[in-house]
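protein_6.csv follows; it contains CSV, C-alpha atoms.
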```csv
chain,number,residue,atom,x,y,z
A,1,TRP,CA,-62.9,169.8,-263.2
A,2,TYR,CA,-65.2,167.0,-264.3
A,3,GLN,CA,-62.3,165.3,-266.1
A,4,ARG,CA,-60.2,165.3,-263.0
A,5,ARG,CA,-63.2,163.9,-261.0
A,6,VAL,CA,-63.8,161.1,-263.4
A,7,ARG,CA,-60.1,160.1,-263.4
A,8,GLY,CA,-60.2,160.1,-259.6
A,9,LEU,CA,-63.3,157.9,-259.6
A,10,LEU,CA,-61.6,155.5,-262.0
A,11,LYS,CA,-58.6,155.2,-259.7
A,12,ASN,CA,-60.9,154.6,-256.7
A,13,MET,CA,-62.8,151.8,-258.5
A,14,LEU,CA,-59.5,150.2,-259.6
A,15,GLY,CA,-58.2,150.4,-256.0
A,16,VAL,CA,-55.0,152.2,-256.9
A,17,THR,CA,-55.4,155.5,-255.1
A,18,SER,CA,-52.2,155.0,-253.2
A,19,GLY,CA,-49.5,152.4,-252.4
A,20,GLU,CA,-51.0,152.0,-249.0
A,21,ALA,CA,-54.5,151.2,-250.5
A,22,ARG,CA,-52.9,148.6,-252.8
A,23,THR,CA,-51.2,147.0,-249.8
A,24,ARG,CA,-54.5,146.7,-247.9
A,25,ARG,CA,-56.0,144.5,-250.7
A,26,SER,CA,-55.3,141.0,-249.7
A,27,ARG,CA,-54.5,138.2,-252.2
A,28,ARG,CA,-57.3,136.3,-250.7
A,29,ALA,CA,-59.8,139.0,-251.5
A,30,ARG,CA,-58.6,139.3,-255.1
A,31,TRP,CA,-58.9,135.6,-255.6
A,32,ALA,CA,-62.3,135.3,-254.0
A,33,VAL,CA,-64.2,137.7,-256.3
A,34,ASN,CA,-65.3,135.4,-259.1
A,35,THR,CA,-64.8,135.9,-262.9
A,36,THR,CA,-68.3,137.2,-263.4
A,37,ASN,CA,-67.9,139.9,-260.7
A,38,ASN,CA,-64.6,141.0,-262.2
A,39,LYS,CA,-66.1,141.3,-265.7
A,40,ASN,CA,-68.9,143.5,-264.3
A,41,LYS,CA,-66.4,145.6,-262.4
A,42,GLN,CA,-64.4,146.0,-265.6
A,43,SER,CA,-67.6,147.0,-267.5
A,44,SER,CA,-68.3,149.6,-264.9
A,45,ILE,CA,-64.8,150.9,-265.2
A,46,CYS,CA,-65.2,151.1,-268.9
A,47,CYS,CA,-68.3,153.3,-268.4
A,48,LEU,CA,-66.1,155.8,-266.5
A,49,LYS,CA,-63.4,155.6,-269.2
A,50,TYR,CA,-66.0,156.4,-271.8
A,51,SER,CA,-67.1,159.4,-269.8
A,52,THR,CA,-63.6,160.8,-269.9
A,53,THR,CA,-63.5,160.4,-273.7
A,54,LEU,CA,-66.9,162.2,-274.1
A,55,LEU,CA,-65.7,165.0,-271.9
A,56,GLN,CA,-62.6,165.5,-273.9
A,57,HIS,CA,-64.2,165.4,-277.4
A,58,THR,CA,-67.7,166.8,-277.1
A,59,CYS,CA,-69.5,169.8,-275.8
A,60,GLN,CA,-72.2,167.8,-273.9
A,61,SER,CA,-73.1,168.7,-270.4
A,62,PRO,CA,-70.6,166.9,-268.1
A,63,GLN,CA,-73.3,166.2,-265.4
A,64,ARG,CA,-75.6,164.7,-268.1
A,65,VAL,CA,-72.8,162.4,-269.2
A,66,LEU,CA,-72.0,161.2,-265.7
A,67,LEU,CA,-75.7,160.6,-265.0
A,68,VAL,CA,-76.0,158.4,-268.1
A,69,GLU,CA,-72.8,156.5,-266.9
A,70,PHE,CA,-74.4,156.0,-263.5
A,71,MET,CA,-77.4,154.4,-265.1
A,72,LYS,CA,-75.1,152.1,-267.1
A,73,ILE,CA,-73.5,151.0,-263.8
A,74,CYS,CA,-77.0,150.3,-262.4
A,75,GLY,CA,-77.6,148.2,-265.5
A,76,LYS,CA,-75.0,145.8,-264.3
A,77,LEU,CA,-77.4,144.6,-261.7
A,78,LYS,CA,-79.6,143.3,-264.5
A,79,THR,CA,-76.9,141.0,-265.8
A,80,THR,CA,-75.0,140.0,-262.6
A,81,LYS,CA,-76.4,136.6,-261.4
A,82,ARG,CA,-76.8,136.0,-257.7
A,83,THR,CA,-73.7,134.0,-256.5
A,84,GLY,CA,-75.5,131.6,-254.2
A,85,TRP,CA,-77.7,130.3,-257.0
A,86,VAL,CA,-74.8,130.0,-259.4
A,87,ASN,CA,-72.8,128.1,-256.8
A,88,HIS,CA,-75.7,125.6,-256.3
A,89,LYS,CA,-76.0,125.0,-260.1
A,90,VAL,CA,-79.5,126.6,-260.4
A,91,ASN,CA,-80.6,126.7,-264.0
A,92,LEU,CA,-81.3,130.3,-265.1
A,93,PRO,CA,-80.5,131.9,-261.8
A,94,GLU,CA,-81.9,135.3,-261.0
A,95,SER,CA,-80.0,138.6,-261.3
A,96,ILE,CA,-79.4,141.0,-258.5
A,97,SER,CA,-82.0,143.4,-259.9
A,98,ASP,CA,-84.6,140.5,-259.9
A,99,HIS,CA,-84.0,140.1,-256.2
A,100,MET,CA,-84.3,143.8,-255.5
A,101,TYR,CA,-87.4,144.2,-257.5
A,102,ARG,CA,-89.5,141.8,-255.5
A,103,MET,CA,-88.1,143.4,-252.3
A,104,ALA,CA,-89.5,146.7,-253.6
A,105,ILE,CA,-92.9,145.1,-254.1
A,106,LEU,CA,-92.8,143.7,-250.6
A,107,SER,CA,-92.2,147.3,-249.4
A,108,PHE,CA,-95.3,148.3,-251.3
A,109,VAL,CA,-97.6,145.5,-249.9
A,110,ILE,CA,-96.6,145.5,-246.2
A,111,SER,CA,-99.5,146.7,-244.1
A,112,ASP,CA,-97.5,148.1,-241.1
A,113,GLU,CA,-98.7,151.7,-240.8
A,114,LYS,CA,-95.9,152.7,-238.5
A,115,VAL,CA,-93.3,152.6,-241.3
A,116,SER,CA,-92.7,154.7,-244.4
A,117,LYS,CA,-93.3,152.7,-247.5
A,118,GLU,CA,-91.5,155.2,-249.6
A,119,LYS,CA,-88.4,154.8,-247.5
A,120,LEU,CA,-88.7,151.0,-247.5
A,121,MET,CA,-88.8,151.0,-251.3
A,122,LYS,CA,-85.8,153.4,-251.5
A,123,ILE,CA,-83.7,151.2,-249.2
A,124,ALA,CA,-84.7,148.1,-251.1
A,125,LEU,CA,-83.7,149.6,-254.4
A,126,VAL,CA,-80.2,150.7,-253.2
A,127,HIS,CA,-79.3,148.1,-250.6
A,128,ASP,CA,-77.3,146.0,-253.2
A,129,LEU,CA,-76.3,148.8,-255.5
A,130,ALA,CA,-72.6,148.4,-254.6
A,131,GLU,CA,-72.7,145.0,-256.2
A,132,SER,CA,-73.0,146.6,-259.6
A,133,ILE,CA,-69.2,147.4,-259.1
A,134,VAL,CA,-67.9,144.7,-256.7
A,135,GLY,CA,-70.2,141.9,-257.6
A,136,ASP,CA,-72.3,139.6,-255.3
A,137,ILE,CA,-69.9,138.6,-252.5
A,138,THR,CA,-71.1,135.7,-250.3
A,139,PRO,CA,-69.7,134.5,-247.0
A,140,PHE,CA,-68.4,131.4,-248.7
A,141,GLN,CA,-65.9,133.3,-250.9
A,142,GLY,CA,-63.4,133.8,-248.1
A,143,ILE,CA,-63.7,137.6,-247.8
A,144,GLU,CA,-64.0,138.9,-244.2
A,145,LYS,CA,-67.0,141.0,-243.4
A,146,LYS,CA,-64.8,144.0,-242.7
A,147,GLU,CA,-63.2,143.8,-246.1
A,148,LYS,CA,-66.5,143.2,-247.8
A,149,PHE,CA,-67.9,146.4,-246.2
A,150,ARG,CA,-64.8,148.3,-247.2
A,151,MET,CA,-65.1,147.2,-250.8
A,152,GLU,CA,-68.8,148.0,-251.0
A,153,GLU,CA,-68.4,151.4,-249.2
A,154,SER,CA,-65.7,152.4,-251.6
A,155,ALA,CA,-68.1,151.5,-254.5
A,156,MET,CA,-70.9,153.5,-253.0
A,157,ASN,CA,-68.6,156.5,-252.5
A,158,SER,CA,-67.7,156.3,-256.2
A,159,ILE,CA,-71.3,156.3,-257.1
A,160,ARG,CA,-71.9,159.2,-254.8
A,161,GLU,CA,-69.1,161.2,-256.5
A,162,ILE,CA,-70.5,160.4,-259.9
A,163,LEU,CA,-73.8,162.0,-259.0
A,164,LYS,CA,-72.3,165.2,-257.6
A,165,PRO,CA,-73.2,168.1,-257.3
A,166,SER,CA,-76.8,166.6,-257.1
A,167,SER,CA,-77.8,165.6,-253.5
A,168,ILE,CA,-79.2,162.3,-254.9
A,169,GLY,CA,-75.8,160.6,-254.5
A,170,ASP,CA,-75.7,161.6,-250.8
A,171,GLU,CA,-79.2,160.3,-250.3
A,172,ILE,CA,-78.4,157.0,-251.9
A,173,TYR,CA,-75.2,156.6,-249.9
A,174,SER,CA,-77.1,157.5,-246.7
A,175,LEU,CA,-79.9,155.0,-247.4
A,176,TRP,CA,-77.3,152.3,-248.1
A,177,MET,CA,-75.4,153.0,-244.9
A,178,GLU,CA,-78.7,153.0,-243.0
A,179,TYR,CA,-79.3,149.5,-244.3
A,180,GLU,CA,-75.8,148.3,-243.5
A,181,THR,CA,-76.0,149.5,-239.9
A,182,ALA,CA,-79.7,148.6,-239.5
A,183,SER,CA,-80.1,152.1,-237.9
A,184,SER,CA,-83.8,152.5,-238.5
A,185,LEU,CA,-87.0,150.5,-238.3
A,186,GLU,CA,-87.3,150.6,-242.1
A,187,ALA,CA,-83.7,149.3,-242.5
A,188,LYS,CA,-84.4,146.4,-240.2
A,189,ILE,CA,-87.6,145.5,-242.1
A,190,VAL,CA,-85.7,145.6,-245.4
A,191,LYS,CA,-83.2,143.2,-243.9
A,192,ASP,CA,-86.2,140.9,-243.2
A,193,PHE,CA,-87.3,141.4,-246.8
A,194,ASP,CA,-83.9,140.4,-248.1
A,195,LYS,CA,-83.9,137.1,-246.2
A,196,PHE,CA,-87.6,136.4,-247.0
A,197,GLU,CA,-87.2,137.1,-250.7
A,198,MET,CA,-84.2,134.7,-250.7
A,199,ILE,CA,-86.1,131.8,-249.2
A,200,MET,CA,-89.1,132.5,-251.4
A,201,GLN,CA,-86.9,132.3,-254.5
A,202,ALA,CA,-85.3,129.1,-253.1
A,203,ARG,CA,-88.7,127.6,-252.7
A,204,GLU,CA,-89.6,128.4,-256.3
A,205,TYR,CA,-86.3,126.9,-257.5
A,206,GLU,CA,-87.1,123.7,-255.5
A,207,GLU,CA,-90.4,123.4,-257.2
A,208,ALA,CA,-89.1,124.0,-260.7
A,209,GLN,CA,-85.8,122.0,-260.4
A,210,GLN,CA,-86.6,119.1,-258.0
A,211,GLU,CA,-83.0,117.8,-258.2
A,212,LEU,CA,-81.7,120.8,-256.2
A,213,ASN,CA,-80.9,120.7,-252.5
A,214,LEU,CA,-81.4,124.3,-251.2
A,215,GLU,CA,-82.0,123.5,-247.6
A,216,CYS,CA,-79.0,125.5,-246.5
A,217,PHE,CA,-80.7,128.7,-247.6
A,218,PHE,CA,-83.7,128.1,-245.3
A,219,SER,CA,-81.5,127.0,-242.4
A,220,SER,CA,-79.3,130.1,-242.7
A,221,VAL,CA,-82.1,132.5,-241.8
A,222,LYS,CA,-84.2,130.3,-239.4
A,223,GLY,CA,-85.1,132.3,-236.4
A,224,ARG,CA,-83.5,135.5,-237.7
A,225,PHE,CA,-86.7,137.4,-238.7
A,226,THR,CA,-87.8,140.3,-236.5
A,227,HIS,CA,-90.9,141.9,-238.0
A,228,PRO,CA,-94.2,140.2,-237.1
A,229,GLU,CA,-95.8,140.6,-240.5
A,230,VAL,CA,-92.7,139.2,-242.3
A,231,MET,CA,-92.6,136.3,-239.8
A,232,SER,CA,-96.2,135.5,-240.8
A,233,TRP,CA,-95.1,135.3,-244.4
A,234,VAL,CA,-92.3,133.0,-243.4
A,235,GLU,CA,-94.7,130.7,-241.5
A,236,GLU,CA,-97.0,130.5,-244.6
A,237,LEU,CA,-94.0,129.6,-246.8
A,238,ASP,CA,-92.8,127.0,-244.3
A,239,ARG,CA,-96.3,125.5,-244.2
A,240,GLU,CA,-96.6,125.3,-248.0
A,241,ARG,CA,-93.2,123.7,-248.2
A,242,ALA,CA,-94.1,121.1,-245.5
A,243,VAL,CA,-97.3,120.2,-247.2
A,244,LYS,CA,-95.5,119.7,-250.5
A,245,LYS,CA,-92.9,117.5,-248.9
A,246,SER,CA,-95.5,115.3,-247.2
A,247,GLN,CA,-97.3,114.9,-250.6
A,248,ASP,CA,-94.1,113.9,-252.3
A,249,LYS,CA,-93.4,111.0,-249.8
```
What is this structure when it is put down as structure tokens?
Amino acid sequence: WYQRRVRGLLKNMLGVTSGEARTRRSRRARWAVNTTNNKNKQSSICCLKYSTTLLQHTCQSPQRVLLVEFMKICGKLKTTKRTGWVNHKVNLPESISDHMYRMAILSFVISDEKVSKEKLMKIALVHDLAESIVGDITPFQGIEKKEKFRMEESAMNSIREILKPSSIGDEIYSLWMEYETASSLEAKIVKDFDKFEMIMQAREYEEAQQELNLECFFSSVKGRFTHPEVMSWVEELDRERAVKKSQDK
């Protein structure tokens, strides 16, 4: 049964579940996912192939094997660089997991007593999990939002299947969907964290690599924050940035 499930997951990740599914994949989408993302996708696929081999030739617990493979897929977040920084020629750009870690810390330090910090941290830790399979897709890659969501949802469904029969997979998928749809207060706050962490990282790159022009990252989120506390962090960051600019003149 586990062998059949792993093979099914492999097919889903390859996008070859049916002729109809293959037809839906536009040439544009295939071209847009960069080489790094493809490599990471192939690495994740190799994890599932390896699971099949283990299931065929060892007496190990199938569930234990799949859990280890899930952790390997999560590990791809540590090596996949954030596309926006790569495209702007940032030296030593952060990984997806670097970004998610500071978001989790923001979840820990926020003082709003009306929200669940545990839920904030959980959403922060899973909100980009699909990128371990599909890579970090940006708006500038020519992939429509609908197609991006379909690709990422397919990846999250694959991850959910890997973790069955445990309920953890369902919880991860539910938290990810909650973030995508901004259907809770915590999800909305994490979306603010996502934007704030990005501009904070941009500010750090500006200071370390003064030849960079990262103004587009700041302008892309201007006026889009909703939580008062996060807005106060943004104001402080803007103030520090303005002071530094005036000193450099």
Original post:
Any idea what's packed within 12 Å of Val86 in chain A, counting all atoms listed in the file, ignoring anything in its chain fewer than 6 positions away? Could you give it as a PyMOL selection string?
Top reply: chain A and resi 34+36+80+92-96+136+138+212+214
Subject >> Between CA of Lys191 in chain A and CA of Asn91 in chain A - distance in Å to one decimal >> reply: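 These atoms are spaced 26.1 Å apart.
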**OP:** Mind giving me the straight-line distance from CA of Ile199 in chain A to CA of Phe218 in chain A in Å, one decimal?
**Re:**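 Interatomic distance, CA of Ile199 in chain A to CA of Phe218 in chain A: 5.9 Å.
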Subject >> Coordinates-based distance that separates CA of Asp128 in chain A from CA of Met100 in chain A (Å, one decimal) >> reply: 7.7 Å
Let me have the centre and edge lengths of the axis-aligned box enclosing all listed atoms of range 120-130 of chain A with 6 Å padding on every side, in Å to one decimal, as JSON.
```
{"center_x": -80.7, "center_y": 149.7, "center_z": -251.5, "size_x": 28.2, "size_y": 19.4, "size_z": 20.0}
```
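Those DNA, RNA and protein residues that approach the point (-80.5, 155.9, -246.6) to within 10 Å, considering all atoms listed in the file, are A:Lys119, A:Leu120, A:Lys122, A:Ile123, A:Ala124, A:Val126, A:His127, A:Asp170, A:Glu171, A:Ile172, A:Tyr173, A:Ser174, A:Leu175, A:Trp176, A:Met177, A:Glu178, A:Tyr179, A:Glu180, A:Ser183, A:Ser184, A:Glu186, A:Ala187.
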**OP:** Give me the residues within 7 Å of range 161-168 of chain A as a PyMOL selection string, counting only C-alpha atoms and dropping any in the same chain fewer than 4 places off.
**Re:** chain A and resi 66-67+70+157+172
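The closest residue to Phe217 in chain A, picked from A:Ala202, A:Met231, A:Ile137, A:Leu237 and counting all atoms listed in the file, is A:Ala202.
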**OP:** Compare A:Gly84, A:Glu229, A:Val221, A:Ile110 by their minimum atom-to-atom distance to Pro139 in chain A, counting all atoms listed in the file, and give me the closest one.
**Re:** A:Gly84
**OP:** In the coordinate frame of the file, compute which residues have an atom within 10 Å of (-81.4, 136.7, -244.2) when using all atoms listed in the file, and state them as a list in words.
**Re:**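 So the residues meeting the distance criterion are Val190, Lys191, Asp192, Phe193, Asp194, Lys195, Phe196, Glu197, Met198, Ile199, Phe217, Phe218, Ser219, Ser220, Val221, Lys222, Gly223, Arg224 and Phe225 of chain A.
Among the candidates A:Met103, A:Ala182, A:Ile73, A:Met151, the one nearest to Leu129 in chain A when counting only C-alpha atoms is A:Ile73.
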